[in-house]
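The structure file entry31.cif is reproduced below (mmCIF, C-alpha atoms).
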data_final
loop_
_atom_site.label_atom_id
_atom_site.label_comp_id
_atom_site.auth_asym_id
_atom_site.auth_seq_id
_atom_site.Cartn_x
_atom_site.Cartn_y
_atom_site.Cartn_z
CA MET A 1 64.95 26.69 -1.39
CA LYS A 2 67.18 25.49 1.43
CA PRO A 3 70.77 26.81 1.17
CA GLU A 4 73.49 24.25 0.46
CA PRO A 5 75.15 23.16 3.72
CA LYS A 6 78.66 24.44 4.27
CA LYS A 7 81.23 21.65 3.80
CA ILE A 8 83.88 21.31 6.49
CA LEU A 9 86.69 18.75 6.19
CA ILE A 10 87.83 17.48 9.60
CA ILE A 11 91.23 15.77 9.71
CA THR A 12 91.55 13.63 12.82
CA TYR A 13 93.46 10.51 13.84
CA TYR A 14 91.24 9.27 16.68
CA TRP A 15 87.85 8.03 15.51
CA PRO A 16 85.67 5.03 16.43
CA PRO A 17 86.52 2.24 17.09
CA ALA A 18 89.28 4.17 18.92
CA GLY A 19 88.49 4.37 22.62
CA GLY A 20 89.77 6.80 25.25
CA PRO A 21 89.35 10.56 25.58
CA GLY A 22 90.96 11.62 22.25
CA VAL A 23 88.02 10.43 20.17
CA GLN A 24 85.18 12.15 22.02
CA ARG A 25 85.67 15.81 21.04
CA TRP A 26 85.21 15.51 17.27
CA LEU A 27 82.84 12.55 17.45
CA LYS A 28 80.45 14.85 19.34
CA PHE A 29 81.07 17.97 17.20
CA VAL A 30 80.34 15.87 14.10
CA LYS A 31 77.15 14.58 15.73
CA TYR A 32 75.73 18.11 16.12
CA LEU A 33 77.24 20.04 13.16
CA PRO A 34 74.42 19.05 10.74
CA ASP A 35 71.91 20.66 13.15
CA PHE A 36 73.59 23.99 12.35
CA GLY A 37 73.66 23.61 8.55
CA ILE A 38 77.17 22.18 8.24
CA GLN A 39 78.11 19.01 6.35
CA PRO A 40 80.97 17.29 8.22
CA ILE A 41 83.44 15.31 6.12
CA VAL A 42 85.81 13.35 8.36
CA TYR A 43 89.21 12.18 7.13
CA ILE A 44 90.75 9.34 9.17
CA PRO A 45 93.41 6.62 8.79
CA GLU A 46 92.25 3.37 7.19
CA ASN A 47 94.50 1.06 9.27
CA PRO A 48 95.42 2.92 12.48
CA THR A 49 97.23 1.56 15.55
CA TYR A 50 94.85 2.53 18.34
CA PRO A 51 96.13 1.78 21.87
CA ILE A 52 92.53 1.53 23.11
CA VAL A 53 89.56 0.17 21.15
CA ASP A 54 85.87 0.62 22.00
CA GLU A 55 83.65 -0.97 19.33
CA ASN A 56 80.52 0.47 20.99
CA LEU A 57 81.50 3.98 19.88
CA VAL A 58 81.01 3.03 16.20
CA LYS A 59 77.24 3.26 16.82
CA GLU A 60 77.66 6.91 17.84
CA VAL A 61 79.02 8.07 14.48
CA SER A 62 76.51 10.42 12.81
CA ASP A 63 74.89 8.91 9.71
CA LYS A 64 75.04 12.41 8.20
CA ALA A 65 78.85 12.45 8.23
CA ILE A 66 80.88 11.57 5.16
CA ILE A 67 83.88 9.45 6.18
CA LEU A 68 87.07 9.39 4.08
CA LYS A 69 89.82 6.86 4.83
CA HIS A 70 93.38 6.64 3.63
CA LYS A 71 96.15 4.17 4.49
CA ILE A 72 98.70 5.11 7.13
CA PHE A 73 102.16 3.71 7.89
CA GLU A 74 103.02 3.86 11.59
CA PRO A 75 106.37 2.81 13.05
CA TYR A 76 104.46 1.40 16.06
CA GLN A 77 103.41 -1.40 13.71
CA LEU A 78 107.09 -2.39 13.35
CA ALA A 79 108.12 -1.60 16.92
CA SER A 80 105.42 -3.90 18.28
CA PHE A 81 107.43 -6.87 17.01
CA LEU A 82 110.06 -5.99 19.63
CA SER A 83 107.66 -5.36 22.51
CA LYS A 84 103.94 -5.10 21.88
CA ASN A 85 103.19 -4.12 25.49
CA LYS A 86 105.77 -1.28 25.68
CA THR A 87 104.74 0.06 22.27
CA LYS A 88 101.06 0.11 23.25
CA LYS A 89 101.80 1.92 26.52
CA ILE A 90 104.05 4.58 24.95
CA SER A 91 101.58 5.19 22.11
CA SER A 92 98.84 5.77 24.73
CA GLY A 93 101.01 8.18 26.74
CA ILE A 94 101.93 5.87 29.63
CA ILE A 95 105.63 6.50 30.06
CA PRO A 96 107.52 4.56 32.76
CA ASN A 97 109.00 6.48 35.70
CA LYS A 98 112.43 7.85 34.71
CA LYS A 99 114.25 5.95 37.47
CA LYS A 100 112.62 2.66 36.47
CA GLN A 101 113.10 2.88 32.70
CA SER A 102 114.83 -0.12 31.15
CA PHE A 103 117.30 0.20 28.27
CA LEU A 104 114.45 -0.78 25.91
CA ASP A 105 112.19 1.90 27.41
CA LYS A 106 114.88 4.56 26.92
CA THR A 107 115.55 3.38 23.38
CA PHE A 108 111.84 3.51 22.44
CA LEU A 109 111.49 7.00 23.92
CA TRP A 110 114.61 8.31 22.18
CA ILE A 111 113.43 6.92 18.82
CA ARG A 112 109.91 8.29 19.34
CA GLY A 113 111.19 11.75 20.28
CA ASN A 114 114.08 12.19 17.84
CA LEU A 115 113.34 10.20 14.70
CA PHE A 116 109.59 10.86 14.38
CA ILE A 117 108.97 14.60 14.60
CA PRO A 118 106.47 15.71 15.69
CA ASP A 119 105.21 12.14 16.31
CA ALA A 120 104.97 8.64 14.87
CA ARG A 121 102.11 9.57 12.50
CA VAL A 122 104.34 11.89 10.45
CA PHE A 123 104.45 9.42 7.53
CA TRP A 124 100.73 10.07 6.94
CA VAL A 125 101.35 13.74 6.05
CA LYS A 126 102.55 13.49 2.41
CA PRO A 127 100.04 10.85 1.18
CA SER A 128 97.21 12.70 2.95
CA VAL A 129 98.09 16.03 1.34
CA ALA A 130 98.18 14.40 -2.11
CA TYR A 131 94.82 12.67 -1.55
CA LEU A 132 93.04 15.63 0.08
CA GLU A 133 94.28 18.33 -2.29
CA LYS A 134 92.41 16.62 -5.13
CA TYR A 135 89.32 15.92 -2.98
CA ILE A 136 89.07 19.52 -1.72
CA VAL A 137 89.19 21.01 -5.22
CA GLU A 138 86.71 18.50 -6.69
CA ASN A 139 84.21 18.84 -3.83
CA ASN A 140 84.28 22.60 -3.13
CA ILE A 141 85.28 22.27 0.52
CA ASP A 142 84.76 25.53 2.44
CA ALA A 143 87.25 25.01 5.28
CA ILE A 144 89.45 22.42 6.96
CA VAL A 145 89.96 21.57 10.62
CA THR A 146 92.97 19.64 11.93
CA SER A 147 92.82 18.10 15.39
CA GLY A 148 95.91 17.22 17.41
CA PRO A 149 97.57 15.46 19.06
CA PRO A 150 98.96 13.77 17.09
CA HIS A 151 100.30 17.13 15.93
CA SER A 152 101.44 15.62 12.61
CA LEU A 153 97.88 16.27 11.49
CA HIS A 154 98.49 20.01 11.75
CA LEU A 155 101.29 19.54 9.20
CA ILE A 156 98.65 18.20 6.78
CA GLY A 157 96.70 21.43 7.37
CA LEU A 158 99.86 23.51 6.94
CA GLU A 159 100.64 22.03 3.51
CA LEU A 160 97.04 22.21 2.30
CA LYS A 161 96.82 25.85 3.40
CA GLN A 162 100.01 26.69 1.49
CA LYS A 163 98.82 24.88 -1.66
CA LEU A 164 95.14 25.89 -1.75
CA ASN A 165 94.85 28.92 0.54
CA LEU A 166 91.55 27.74 2.00
CA LYS A 167 90.37 28.53 5.55
CA TRP A 168 92.17 26.42 8.16
CA PHE A 169 91.26 25.95 11.83
CA ALA A 170 93.91 24.20 13.95
CA ASP A 171 92.32 22.53 16.97
CA PHE A 172 94.62 21.68 19.89
CA ARG A 173 93.05 19.19 22.29
CA ASP A 174 96.36 19.38 24.20
CA PRO A 175 99.35 21.73 23.93
CA TRP A 176 102.35 20.81 21.75
CA THR A 177 105.79 21.51 23.24
CA THR A 178 104.58 22.18 26.79
CA ILE A 179 102.57 18.98 27.27
CA GLY A 180 103.70 16.94 30.30
CA TYR A 181 105.18 13.93 28.46
CA HIS A 182 107.18 16.06 25.98
CA LYS A 183 110.09 16.32 28.43
CA SER A 184 110.14 12.53 28.82
CA LEU A 185 110.95 11.95 25.13
CA ARG A 186 114.74 12.32 25.59
CA LEU A 187 114.88 14.98 22.86
CA SER A 188 118.18 16.11 21.38
CA SER A 189 118.63 19.89 21.07
CA PHE A 190 118.05 19.51 17.30
CA ALA A 191 114.75 17.65 17.85
CA ALA A 192 113.55 20.12 20.50
CA LYS A 193 114.28 23.02 18.13
CA LYS A 194 112.49 21.25 15.25
CA HIS A 195 109.35 20.79 17.41
CA LYS A 196 109.40 24.50 18.31
CA THR A 197 109.86 25.51 14.65
CA LEU A 198 106.92 23.36 13.48
CA GLU A 199 104.72 24.59 16.34
CA HIS A 200 105.56 28.21 15.38
CA GLN A 201 104.79 27.55 11.70
CA VAL A 202 101.41 25.97 12.44
CA LEU A 203 100.36 28.66 14.92
CA ASN A 204 101.30 31.44 12.52
CA THR A 205 99.79 29.93 9.35
CA ALA A 206 96.38 28.67 10.50
CA ASP A 207 93.58 31.24 10.18
CA THR A 208 92.27 30.50 13.68
CA ILE A 209 93.59 28.41 16.57
CA ILE A 210 91.13 26.52 18.79
CA VAL A 211 92.25 25.43 22.26
CA THR A 212 90.55 23.75 25.21
CA SER A 213 91.81 25.96 28.06
CA LYS A 214 92.65 29.57 28.94
CA THR A 215 96.24 28.68 29.92
CA THR A 216 96.96 27.15 26.50
CA LYS A 217 95.52 30.30 24.91
CA THR A 218 97.91 32.46 26.98
CA GLU A 219 100.88 30.22 26.07
CA PHE A 220 100.05 30.38 22.35
CA GLN A 221 99.52 34.16 22.43
CA ALA A 222 103.24 34.47 23.16
CA ILE A 223 103.94 32.67 19.84
CA THR A 224 101.29 34.03 17.46
CA ASN A 225 99.03 37.01 16.79
CA LYS A 226 96.44 34.81 15.08
CA PRO A 227 92.97 34.66 16.72
CA ILE A 228 92.70 31.99 19.43
CA ALA A 229 89.33 30.68 20.61
CA VAL A 230 88.77 28.62 23.75
CA ILE A 231 86.20 25.86 23.26
CA THR A 232 86.42 23.39 26.11
CA ASN A 233 85.42 19.76 25.97
CA GLY A 234 82.01 18.93 27.38
CA TYR A 235 79.37 16.34 28.18
CA ASP A 236 76.72 14.76 26.02
CA THR A 237 73.28 13.58 27.01
CA GLU A 238 73.85 9.91 27.78
CA GLU A 239 71.09 7.35 27.92
CA VAL A 240 72.18 5.43 30.99
CA GLU A 241 69.86 3.41 33.18
CA LYS A 242 69.42 4.85 36.65
CA GLN A 243 72.30 3.48 38.72
CA THR A 244 72.13 2.16 42.27
CA LEU A 245 74.91 3.77 44.29
CA ASP A 246 77.79 1.56 45.43
CA THR A 247 77.23 0.19 48.92
CA LYS A 248 80.93 0.79 49.66
CA PHE A 249 82.46 4.26 50.13
CA SER A 250 83.96 4.04 46.64
CA LEU A 251 86.53 6.54 45.38
CA ALA A 252 86.65 6.01 41.60
CA HIS A 253 89.31 7.16 39.16
CA ILE A 254 88.18 6.76 35.55
CA GLY A 255 90.71 7.05 32.72
CA SER A 256 94.48 6.68 32.33
CA PHE A 257 96.32 6.79 35.67
CA LEU A 258 99.83 7.83 34.61
CA SER A 259 102.99 7.41 36.72
CA GLU A 260 103.36 11.16 37.26
CA ARG A 261 99.75 11.44 38.46
CA ASN A 262 100.52 9.29 41.51
CA PRO A 263 98.85 11.31 44.35
CA LEU A 264 100.81 10.47 47.51
CA ILE A 265 98.68 12.91 49.53
CA LEU A 266 95.60 10.83 48.70
CA TRP A 267 97.17 7.50 49.70
CA GLU A 268 98.56 9.06 52.90
CA SER A 269 95.15 10.54 53.80
CA LEU A 270 93.39 7.20 53.28
CA VAL A 271 95.95 5.29 55.40
CA GLU A 272 95.59 7.83 58.23
CA LEU A 273 91.78 7.66 58.10
CA ILE A 274 91.91 3.84 58.19
CA HIS A 275 93.93 4.06 61.42
CA GLU A 276 91.99 6.92 62.99
CA ILE A 277 88.32 6.27 62.13
CA PRO A 278 86.58 3.12 63.34
CA ASP A 279 84.85 1.23 60.48
CA PHE A 280 86.38 3.43 57.73
CA LYS A 281 88.31 0.42 56.43
CA SER A 282 85.19 -1.75 56.30
CA HIS A 283 83.57 0.75 53.90
CA LEU A 284 86.49 1.94 51.74
CA GLU A 285 86.88 0.92 48.10
CA ILE A 286 89.47 2.38 45.68
CA LYS A 287 88.05 1.83 42.21
CA LEU A 288 90.40 2.24 39.21
CA ILE A 289 88.89 2.10 35.73
CA GLY A 290 91.17 2.41 32.70
CA ALA A 291 94.89 1.95 32.06
CA VAL A 292 96.89 2.22 35.30
CA SER A 293 100.68 2.56 35.40
CA GLN A 294 102.73 -0.03 37.27
CA GLU A 295 104.16 2.72 39.49
CA VAL A 296 100.70 3.68 40.77
CA LEU A 297 99.85 0.05 41.53
CA GLU A 298 103.20 -0.45 43.32
CA THR A 299 102.59 2.67 45.45
CA ILE A 300 99.13 1.44 46.45
CA THR A 301 100.78 -1.85 47.55
CA GLN A 302 103.52 0.02 49.47
CA PHE A 303 100.86 1.98 51.39
CA GLY A 304 99.10 -1.27 52.32
CA LEU A 305 95.95 -0.31 50.40
CA ASN A 306 95.79 -3.38 48.14
CA SER A 307 92.92 -5.01 50.02
CA TYR A 308 90.74 -1.95 49.24
CA LEU A 309 91.64 -1.88 45.54
CA ASN A 310 89.20 -2.80 42.78
CA ASN A 311 91.22 -2.50 39.55
CA LEU A 312 88.69 -2.96 36.73
CA GLY A 313 90.98 -2.11 33.78
CA TYR A 314 89.61 -0.60 30.57
CA VAL A 315 85.82 -0.72 30.15
CA SER A 316 83.60 0.62 27.34
CA HIS A 317 82.59 4.27 27.41
CA ALA A 318 79.02 3.27 28.33
CA GLU A 319 80.27 1.24 31.31
CA ALA A 320 82.54 4.12 32.37
CA ILE A 321 79.51 6.46 32.40
CA ALA A 322 77.61 3.94 34.56
CA HIS A 323 80.51 3.82 37.05
CA GLN A 324 80.54 7.64 37.16
CA ARG A 325 76.89 7.62 38.20
CA LYS A 326 77.14 4.90 40.87
CA SER A 327 80.50 5.61 42.53
CA GLN A 328 80.29 7.57 45.78
CA VAL A 329 83.16 9.98 44.96
CA LEU A 330 84.96 10.66 41.66
CA LEU A 331 88.72 11.27 41.56
CA LEU A 332 90.31 13.65 39.08
CA ILE A 333 94.13 13.67 39.28
CA GLU A 334 96.52 15.80 37.23
CA ILE A 335 100.33 15.86 37.24
CA ASP A 336 101.85 18.37 39.70
CA SER A 337 103.65 20.51 37.14
CA GLU A 338 103.57 24.03 35.71
CA ASP A 339 103.13 22.38 32.30
CA THR A 340 99.83 20.72 33.23
CA LYS A 341 97.91 23.76 34.50
CA SER A 342 96.29 24.03 31.07
CA ILE A 343 95.06 20.42 30.98
CA ILE A 344 91.31 20.10 31.51
CA PRO A 345 90.64 16.35 31.41
CA GLY A 346 87.70 15.53 29.13
CA LYS A 347 86.16 13.30 31.78
CA LEU A 348 85.69 16.33 34.06
CA PHE A 349 82.56 17.33 32.14
CA GLU A 350 81.05 13.84 32.33
CA TYR A 351 81.91 13.80 36.03
CA MET A 352 80.12 17.14 36.47
CA VAL A 353 76.76 15.79 35.27
CA SER A 354 77.02 12.49 37.17
CA ASN A 355 75.63 14.08 40.36
CA ARG A 356 78.56 12.65 42.33
CA PRO A 357 81.07 14.86 44.23
CA ILE A 358 84.51 15.29 42.65
CA ILE A 359 87.80 15.27 44.54
CA ALA A 360 90.30 16.92 42.20
CA ILE A 361 94.07 17.11 42.80
CA GLY A 362 96.39 19.10 40.56
CA PRO A 363 98.91 21.93 40.34
CA ASN A 364 98.05 25.23 41.98
CA GLY A 365 96.36 27.51 39.42
CA SER A 366 94.89 24.67 37.31
CA ASP A 367 92.27 25.74 34.77
CA PHE A 368 89.96 22.91 35.82
CA ALA A 369 89.96 24.13 39.47
CA GLU A 370 88.08 27.22 38.30
CA ILE A 371 85.45 25.14 36.46
CA ILE A 372 84.84 22.87 39.48
CA LYS A 373 84.42 25.89 41.74
CA GLU A 374 82.12 27.76 39.30
CA THR A 375 79.86 24.73 38.83
CA ASN A 376 79.82 23.67 42.51
CA THR A 377 80.62 20.07 41.53
CA GLY A 378 83.44 19.20 43.94
CA VAL A 379 86.57 20.36 45.73
CA PHE A 380 90.02 21.05 44.26
CA PHE A 381 93.31 20.54 46.14
CA ASP A 382 96.88 21.28 45.18
CA TYR A 383 99.59 18.83 46.22
CA SER A 384 100.43 20.76 49.42
CA GLU A 385 96.90 20.54 50.87
CA LYS A 386 96.92 17.10 52.49
CA MET A 387 95.13 18.11 55.70
CA LYS A 388 92.39 19.88 53.77
CA LEU A 389 92.01 16.81 51.49
CA LYS A 390 91.82 14.45 54.47
CA SER A 391 89.19 16.65 56.11
CA VAL A 392 87.00 16.68 52.97
CA ILE A 393 87.27 12.88 52.54
CA LEU A 394 86.15 12.49 56.16
CA ASN A 395 83.27 14.92 55.58
CA PHE A 396 82.19 12.99 52.45
CA TYR A 397 82.47 9.73 54.40
CA ASN A 398 80.19 11.02 57.15
CA GLN A 399 77.64 12.17 54.55
CA PHE A 400 77.90 8.71 52.94
CA LEU A 401 77.10 7.05 56.31
CA GLU A 402 74.01 9.28 56.61
CA GLY A 403 72.94 8.52 53.01
CA LYS A 404 73.23 12.22 52.13
CA LEU A 405 76.33 12.31 49.89
CA GLN A 406 75.45 14.16 46.68
CA VAL A 407 76.25 17.33 44.79
CA ASN A 408 74.14 20.04 43.16
CA GLY A 409 75.89 21.40 40.10
CA ILE A 410 75.07 24.86 38.72
CA GLY A 411 75.43 26.34 35.21
CA LEU A 412 76.31 23.01 33.60
CA GLN A 413 74.33 23.62 30.41
CA ARG A 414 77.05 25.81 28.88
CA TYR A 415 79.29 22.71 28.72
CA SER A 416 76.80 20.55 26.80
CA ARG A 417 78.24 19.22 23.52
CA LYS A 418 75.41 20.83 21.54
CA ASN A 419 76.08 24.30 23.01
CA LEU A 420 79.83 23.89 22.41
CA THR A 421 79.13 22.89 18.79
CA LYS A 422 77.11 26.09 18.43
CA GLU A 423 80.21 28.05 19.60
CA LEU A 424 82.31 26.18 17.02
CA VAL A 425 79.81 26.95 14.23
CA GLU A 426 79.83 30.68 15.08
CA LEU A 427 83.60 30.55 14.69
CA ILE A 428 83.82 28.68 11.40
CA LYS A 429 80.80 30.12 9.55
#

Translate this structure into structure tokens?
Amino acid sequence: MKPEPKKILIITYYWPPAGGPGVQRWLKFVKYLPDFGIQPIVYIPENPTYPIVDENLVKEVSDKAIILKHKIFEPYQLASFLSKNKTKKISSGIIPNKKKQSFLDKTFLWIRGNLFIPDARVFWVKPSVAYLEKYIVENNIDAIVTSGPPHSLHLIGLELKQKLNLKWFADFRDPWTTIGYHKSLRLSSFAAKKHKTLEHQVLNTADTIIVTSKTTKTEFQAITNKPIAVITNGYDTEEVEKQTLDTKFSLAHIGSFLSERNPLILWESLVELIHEIPDFKSHLEIKLIGAVSQEVLETITQFGLNSYLNNLGYVSHAEAIAHQRKSQVLLLIEIDSEDTKSIIPGKLFEYMVSNRPIIAIGPNGSDFAEIIKETNTGVFFDYSEKMKLKSVILNFYNQFLEGKLQVNGIGLQRYSRKNLTKELVELIK
């Protein structure tokens, strides 16, 4: 007789039809967990305010998953009456440049940072605990997983752990108090202290912490003695038609292009190459796919690069994958800050299997620099390496002219979603 599958309750906010990177991690874990004898039960909000929607992702939800839904109240629903556009941007992490923030921007940020701790989904904690406590007891759940951000979901795990003493795994897709935008929230000293207290409680109560990078593990080890496992994001096997490469020398950035990610060294390098290399301007295309901050667009205009810009806006995940396969070069940009060294953008792994070279720019010592080097999938630059960046762009351009621009990745299999799910199963079994 086959043994009963182990039941794992996964508490997550982002779930199809949510689009963007936050949804991918647990959508893919849930897809493969049944292959390893685990029954995933996914608890999500019934009426969420998703800043990005991708209806196509609904088809990717495993038919073996049990989905539980419960109503959520979010202040964004009220705030959107004042300014729908600003609310949507702040809820998706696009925060205006400090110098350009209007009074309304500052007010929204102050309210978000000081009145809703740890975030605007905090009102879902109490009703969720009441609903799930009963469900867990009645259905013999073996363990729970909470995935943040939003880090309010870890508070659901915290209360359930205290009430039922069942196994709890706290999964951090991003850090908590050291994430880049945290400093932009205009926190009072009381609010900053409250965030730290809650972070400490969660990290010291969960049975195991799961993080996506080595740097986050090191940061958390200073706060807790609990076991911390690094399970990165990854790539899935995607059924995409074979793509014909762009005829232009296209540099594509896919995903949110935040104000602080504005890579001046890239724009400067492109302007210099336009002036120095005959025909470079006739081939160049800057392709932006996803939400782009106004500051980035203004900078592109200031550098005189507007005529090379193809700003496609948000596209479905399937279309984004197609663009990854047909663009000549893929851009990966992270904020130049000590706080962002731990960020490994989820799209990196999809980039890695696209067979297109990656140009990555980020802070010196970034965790993702190591992965790019190990897998031979591109070149990493810190923000001081403009001449090196310019030289590599020129080298890629020359290979493009010869029809020889490609990349040969190595050791990519360890980052497949199925292999990463196997790592997760070994942890939670």

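Nearest residue to Met352 (chain A), choosing from A:Asn364, A:Thr197, A:Thr301, A:Gln413 and counting all atoms listed in the file: A:Gln413.
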
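Applied to the file shown here, the PyMOL selection byres ((chain A and resi 390) around 8) selects the residues Leu266, Ser269, Leu270, Leu273, Lys386, Met387, Lys388, Leu389, Ser391, Val392, Ile393 and Leu394 of chain A.
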
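Restricting the calculation to only C-alpha atoms, the smallest distance between Trp124 (chain A) and any of A:Glu338, A:Asp174, A:Glu46, A:Glu370 is found for A:Glu46.
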
What is the CA of Ile44 (chain A) to CA of Pro17 (chain A) distance in Å? 11.4 Å

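Between CA of Ser259 (chain A) and CA of Gln294 (chain A) there is a distance of 7.5 Å.
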
Which is closest to Gly365 (chain A) among A:Glu268, A:Glu199, A:Asp246, A:Glu334, if we use only C-alpha atoms? A:Glu334

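Note that CA of Leu166 (chain A) and CA of Ile209 (chain A) are 14.7 Å apart.
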
Selected by the PyMOL selection byres ((chain A and resi 33) around 10) in the shown coordinates: which residues, as a PyMOL selection string? chain A and resi 8+28-32+34-40+62+64-65+418+421-422+424-425

Selection export as a CSV table (one decimal), in the frame of the given file, atoms kept: C-alpha atoms:
chain,number,residue,atom,x,y,z
A,8,ILE,CA,83.9,21.3,6.5
A,28,LYS,CA,80.4,14.8,19.3
A,29,PHE,CA,81.1,18.0,17.2
A,30,VAL,CA,80.3,15.9,14.1
A,31,LYS,CA,77.2,14.6,15.7
A,32,TYR,CA,75.7,18.1,16.1
A,34,PRO,CA,74.4,19.0,10.7
A,35,ASP,CA,71.9,20.7,13.2
A,36,PHE,CA,73.6,24.0,12.4
A,37,GLY,CA,73.7,23.6,8.6
A,38,ILE,CA,77.2,22.2,8.2
A,39,GLN,CA,78.1,19.0,6.4
A,40,PRO,CA,81.0,17.3,8.2
A,62,SER,CA,76.5,10.4,12.8
A,64,LYS,CA,75.0,12.4,8.2
A,65,ALA,CA,78.8,12.4,8.2
A,418,LYS,CA,75.4,20.8,21.5
A,421,THR,CA,79.1,22.9,18.8
A,422,LYS,CA,77.1,26.1,18.4
A,424,LEU,CA,82.3,26.2,17.0
A,425,VAL,CA,79.8,27.0,14.2

Using all atoms listed in the file, can you tell me which of A:Ile231, A:Val379, A:Val315, A:Leu27 comes closest to Tyr415 (chain A)? A:Ile231

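When the PyMOL selection byres ((chain A and resi 156-165) around 9) is evaluated against the file, it yields Ile11, Trp124, Val125, Lys126, Ser128, Val129, Leu132, Glu133, Ile136, Val137, Ile144, Val145, Thr146, Ser152, Leu153, His154, Leu155, Leu166, Lys167, Trp168, Phe169, Ala170, Gln201, Val202, Thr205 and Ala206 of chain A.
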
Contacts of Gly19 (chain A) at 12 Å (only C-alpha atoms; same-chain gap of 2+ positions) as a compact mmCIF listing (two decimals) with C-alpha atoms, in the coordinates of the input:
# COMPACT_ATOMS: atom_id res chain seq x y z
CA TYR A 13 93.46 10.51 13.84
CA TYR A 14 91.24 9.27 16.68
CA TRP A 15 87.85 8.03 15.51
CA PRO A 16 85.67 5.03 16.43
CA PRO A 17 86.52 2.24 17.09
CA PRO A 21 89.35 10.56 25.58
CA GLY A 22 90.96 11.62 22.25
CA VAL A 23 88.02 10.43 20.17
CA GLN A 24 85.18 12.15 22.02
CA ARG A 25 85.67 15.81 21.04
CA LEU A 27 82.84 12.55 17.45
CA THR A 49 97.23 1.56 15.55
CA TYR A 50 94.85 2.53 18.34
CA PRO A 51 96.13 1.78 21.87
CA ILE A 52 92.53 1.53 23.11
CA VAL A 53 89.56 0.17 21.15
CA ASP A 54 85.87 0.62 22.00
CA GLU A 55 83.65 -0.97 19.33
CA ASN A 56 80.52 0.47 20.99
CA LEU A 57 81.50 3.98 19.88
CA VAL A 58 81.01 3.03 16.20
CA SER A 92 98.84 5.77 24.73
CA GLY A 255 90.71 7.05 32.72
CA SER A 256 94.48 6.68 32.33
CA GLY A 290 91.17 2.41 32.70
CA ALA A 291 94.89 1.95 32.06
CA TYR A 314 89.61 -0.60 30.57
CA VAL A 315 85.82 -0.72 30.15
CA SER A 316 83.60 0.62 27.34
CA HIS A 317 82.59 4.27 27.41
CA ALA A 318 79.02 3.27 28.33
CA ALA A 320 82.54 4.12 32.37

Need to verify the contact set: region 193-195 of chain A, 9 Å, all atoms listed in the file, exclusion of same-chain residues closer than 6 positions in sequence. Can you return it as an NGL selection string? :A and (117-118 or 176-177)

Any idea what's packed within 12 Å of His283 (chain A), counting only C-alpha atoms, ignoring anything in its chain fewer than 6 positions away? Could you give it as a list in words? Asp246, Thr247, Lys248, Phe249, Ser250, Leu251, Leu270, Leu273, Ile274, Ile277, Ser307, Tyr308, Leu309, Gln328, Tyr397, Asn398, Phe400 and Leu401 of chain A

With C-alpha atoms retained, export the selected residues as a CSV table (one decimal), keeping the file's coordinate frame.
chain,number,residue,atom,x,y,z
A,246,ASP,CA,77.8,1.6,45.4
A,247,THR,CA,77.2,0.2,48.9
A,248,LYS,CA,80.9,0.8,49.7
A,249,PHE,CA,82.5,4.3,50.1
A,250,SER,CA,84.0,4.0,46.6
A,251,LEU,CA,86.5,6.5,45.4
A,270,LEU,CA,93.4,7.2,53.3
A,273,LEU,CA,91.8,7.7,58.1
A,274,ILE,CA,91.9,3.8,58.2
A,277,ILE,CA,88.3,6.3,62.1
A,307,SER,CA,92.9,-5.0,50.0
A,308,TYR,CA,90.7,-2.0,49.2
A,309,LEU,CA,91.6,-1.9,45.5
A,328,GLN,CA,80.3,7.6,45.8
A,397,TYR,CA,82.5,9.7,54.4
A,398,ASN,CA,80.2,11.0,57.2
A,400,PHE,CA,77.9,8.7,52.9
A,401,LEU,CA,77.1,7.0,56.3

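Among the candidates A:Val122, A:Ile66, A:Val271, A:Val230, the residue lying nearest to Asp367 (chain A) is A:Val230 (atoms considered: all atoms listed in the file).
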
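Nearest residue to Asn306 (chain A), choosing from A:His70, A:Lys281, A:Arg325, A:Arg356 and counting only C-alpha atoms: A:Lys281.
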
Leaving out region 211-213 of chain A and any residue of its chain fewer than 4 positions from it, which residues lie within 7 Å of it when counting only C-alpha atoms, given as a ChimeraX atom specification? /A:171-173,217,229-233,342,344,367

Using all atoms of region 341-345 of chain A listed in the file and a margin of 8 Å per side, can you give the axis-aligned box centre and edge lengths in Å to one decimal, as JSON?
{"center_x": 94.3, "center_y": 20.2, "center_z": 32.7, "size_x": 23.3, "size_y": 23.7, "size_z": 19.5}
